[in-house]
Amino acid sequence: TASNTALIIESSGSTGSPKKIYLSKEALIASAEATKLTIGEGQWLLSLPINYIAGAMVLVRSILAGTKPVVMNTGVSFTPEAFSRSASLLASEGRFVSLVPTQLMRIREACLEDSYLLSQMKKFKAVLVGGQSVSPELLEYFRSAGVNVITTYGMAETSGGCVYDGGALPGAELKINPDGTIAIAGPMLANGVADESGFMNTSDQG
């Protein structure tokens with residue numbers, strides 16, 4: 001265990017065997033700063049549990065921006081109605097949220113009947129969606145409606161998303177290994193995950 005650990009995230013990993021990820025303050029700040037450079041900063045809606053890296057990073061970004069997030073009750077099942085109520089409490093012009101594809105799908109289903117919810121979605125400066133692949137149809141629905149949905153790729157070992165809409169965030173470096181897997185380097189990496197060359201090898205194909 002590294003001595004400069006600010007946050008420990010338990011990850012199921014792609015193999016399903018749980019492991020603890022040790023993140024330094026520097027890695028968390030590097031990730032948050034890279035996000036700010038890419039999409040700006042403002043007030044966040046926390047719609048994901050904070051024991052997941054995407055939820056934890058909402059808190060880190062809020063702390064660094066000096067803003068207070070609106071916090072949904074993530075201990076109960078996600079509903080578009082609760083999301084809409086929470087989104088209406090955001091006071092800042094710069095509004096942000098991180099979602100997983102399942103949540104985005106439920107929001108779309110509700111938007112078909114609820115124009116107010118769709119208007120709330122349009123107010124977000126950016127809607128980050130990650131954790132798994134998103135269907136092109138789902139992205140097209142929101143983007144054609146004027147919602148800035150950004151796909152993200154990352155994991156606990158990279159302090160959350162380090163690739164937005166297919167482009168590496170500032171400071172992140174990606175390469176494809178000979179076997180087609182993705183390797184990632186950068187200041188947002190967790191403690192002890194990189195090899196001698198500074199890259200962390202993933203099992204994801206790229």
# chains A, B, ... in the order shown; residues from 1 in each chain; ligands from 1
call {"tool": "residues_around", "arguments": {"residues": "Ile39 (chain A)", "least_positions_apart": "4", "cutoff": "9 Å", "atoms": "only C-alpha atoms", "output": "MDAnalysis selection string"}}
result
chainID A and resid 34:35 125:126
call {"tool": "residues_around", "arguments": {"residues": "Gly154 (chain A)", "least_positions_apart": "2", "cutoff": "10 Å", "atoms": "only C-alpha atoms", "output": "list in words"}}
result
Ile53, Ala54, Gly130, Gly131, Gln132, Thr152, Ala156, Glu157, Thr158, Ser159, Gly160, Gly161, Cys162, Val163, Tyr164 and Ile184 of chain A
call {"tool": "atom_distance", "arguments": {"atom1": "CA of Ala110 (chain A)", "atom2": "CA of Glu81 (chain A)"}}
result
8.3 Å
call {"tool": "select_by_dssp", "arguments": {"residues": "region 6-156 of chain A", "states": "helix (DSSP H, G or I)", "output": "count of residues only"}}
result
66
call {"tool": "closest_residue", "arguments": {"among": "A:Arg95, A:Lys20, A:Lys123, A:Lys25", "to": "Gly42 (chain A)", "atoms": "only C-alpha atoms"}}
result
A:Arg95
call {"tool": "atom_distance", "arguments": {"atom1": "CA of Trp44 (chain A)", "atom2": "CA of Ser62 (chain A)"}}
result
6.8 Å
call {"tool": "closest_residue", "arguments": {"among": "A:Leu138, A:Leu64, A:Val70, A:Pro187", "to": "Ala172 (chain A)", "atoms": "only C-alpha atoms"}}
result
A:Pro187
call {"tool": "residues_around", "arguments": {"residues": "Thr102 (chain A)", "least_positions_apart": "6", "cutoff": "12 Å", "atoms": "only C-alpha atoms", "output": "number ranges by chain"}}
result
A: 48, 77-80, 108-109, 129-135, 138
call {"tool": "residues_around", "arguments": {"residues": "Ile21 (chain A)", "least_positions_apart": "5", "cutoff": "7 Å", "atoms": "only C-alpha atoms", "output": "NGL selection string"}}
result
:A and (8-11 or 156-157 or 190)
call {"tool": "select_by_dssp", "arguments": {"residues": "region 50-129 of chain A", "states": "strand (DSSP E)", "output": "list in words"}}
result
Val70, Val71, Arg95, Phe96, Val97, Ser98, Leu99, Phe124, Lys125, Ala126, Val127, Leu128 and Val129 of chain A
call {"tool": "closest_residue", "arguments": {"among": "A:Ile50, A:Phe124, A:Glu41, A:Gln103", "to": "Thr67 (chain A)", "atoms": "only C-alpha atoms"}}
result
A:Glu41
call {"tool": "residues_around", "arguments": {"residues": "Ala87 (chain A)", "least_positions_apart": "4", "cutoff": "8 Å", "atoms": "only C-alpha atoms", "output": "ChimeraX atom specification"}}
result
/A:45,70,83,120
call {"tool": "residues_around", "arguments": {"residues": "region 84-86 of chain A", "least_positions_apart": "6", "cutoff": "10 Å", "atoms": "only C-alpha atoms", "output": "list of chain:residue names"}}
result
A:Leu45, A:Leu46, A:Ser47, A:Val70, A:Val71, A:Met72, A:Asn73, A:Ile107, A:Asp114, A:Tyr116, A:Leu117, A:Leu118, A:Ser119, A:Gln120, A:Met121
call {"tool": "write_last_selection", "arguments": {"atoms": "N, CA and C atoms", "output": "PDB file, in the first residue's frame"}}
result
ATOM      1  N   LEU A  45     -24.339  17.559 -10.394  1.00  0.00           N
ATOM      2  CA  LEU A  45     -25.402  16.728  -9.830  1.00  0.00           C
ATOM      3  C   LEU A  45     -24.804  15.348  -9.592  1.00  0.00           C
ATOM      4  N   LEU A  46     -24.826  14.899  -8.335  1.00  0.00           N
ATOM      5  CA  LEU A  46     -24.261  13.589  -7.984  1.00  0.00           C
ATOM      6  C   LEU A  46     -25.365  12.544  -8.077  1.00  0.00           C
ATOM      7  N   SER A  47     -25.293  11.720  -9.113  1.00  0.00           N
ATOM      8  CA  SER A  47     -26.330  10.717  -9.342  1.00  0.00           C
ATOM      9  C   SER A  47     -25.797   9.297  -9.246  1.00  0.00           C
ATOM     10  N   VAL A  70     -25.441  19.024  -5.949  1.00  0.00           N
ATOM     11  CA  VAL A  70     -26.759  18.538  -5.554  1.00  0.00           C
ATOM     12  C   VAL A  70     -26.662  17.020  -5.506  1.00  0.00           C
ATOM     13  N   VAL A  71     -27.024  16.436  -4.368  1.00  0.00           N
ATOM     14  CA  VAL A  71     -26.798  15.000  -4.141  1.00  0.00           C
ATOM     15  C   VAL A  71     -28.112  14.234  -4.200  1.00  0.00           C
ATOM     16  N   MET A  72     -28.191  13.294  -5.131  1.00  0.00           N
ATOM     17  CA  MET A  72     -29.348  12.407  -5.183  1.00  0.00           C
ATOM     18  C   MET A  72     -29.175  11.296  -4.154  1.00  0.00           C
ATOM     19  N   ASN A  73     -30.264  10.697  -3.732  1.00  0.00           N
ATOM     20  CA  ASN A  73     -30.203   9.545  -2.829  1.00  0.00           C
ATOM     21  C   ASN A  73     -29.872   8.317  -3.665  1.00  0.00           C
ATOM     22  N   ILE A 107     -33.835   7.854 -18.635  1.00  0.00           N
ATOM     23  CA  ILE A 107     -34.157   9.267 -18.848  1.00  0.00           C
ATOM     24  C   ILE A 107     -34.764   9.465 -20.238  1.00  0.00           C
ATOM     25  N   ASP A 114     -42.148  13.471 -21.262  1.00  0.00           N
ATOM     26  CA  ASP A 114     -41.929  14.571 -20.316  1.00  0.00           C
ATOM     27  C   ASP A 114     -41.002  15.620 -20.929  1.00  0.00           C
ATOM     28  N   TYR A 116     -40.472  18.586 -19.880  1.00  0.00           N
ATOM     29  CA  TYR A 116     -39.735  19.335 -18.853  1.00  0.00           C
ATOM     30  C   TYR A 116     -38.407  18.640 -18.543  1.00  0.00           C
ATOM     31  N   LEU A 117     -38.421  17.318 -18.471  1.00  0.00           N
ATOM     32  CA  LEU A 117     -37.195  16.570 -18.208  1.00  0.00           C
ATOM     33  C   LEU A 117     -36.188  16.803 -19.329  1.00  0.00           C
ATOM     34  N   LEU A 118     -36.658  16.787 -20.569  1.00  0.00           N
ATOM     35  CA  LEU A 118     -35.744  17.040 -21.689  1.00  0.00           C
ATOM     36  C   LEU A 118     -35.167  18.448 -21.606  1.00  0.00           C
ATOM     37  N   SER A 119     -35.981  19.412 -21.175  1.00  0.00           N
ATOM     38  CA  SER A 119     -35.472  20.781 -21.029  1.00  0.00           C
ATOM     39  C   SER A 119     -34.414  20.859 -19.939  1.00  0.00           C
ATOM     40  N   GLN A 120     -34.570  20.049 -18.881  1.00  0.00           N
ATOM     41  CA  GLN A 120     -33.551  19.983 -17.824  1.00  0.00           C
ATOM     42  C   GLN A 120     -32.245  19.410 -18.384  1.00  0.00           C
ATOM     43  N   MET A 121     -32.350  18.387 -19.209  1.00  0.00           N
ATOM     44  CA  MET A 121     -31.154  17.780 -19.808  1.00  0.00           C
ATOM     45  C   MET A 121     -30.397  18.781 -20.676  1.00  0.00           C
TER      46      MET A 121
END
call {"tool": "atom_distance", "arguments": {"atom1": "CA of Pro49 (chain A)", "atom2": "CA of Leu104 (chain A)"}}
result
15.7 Å
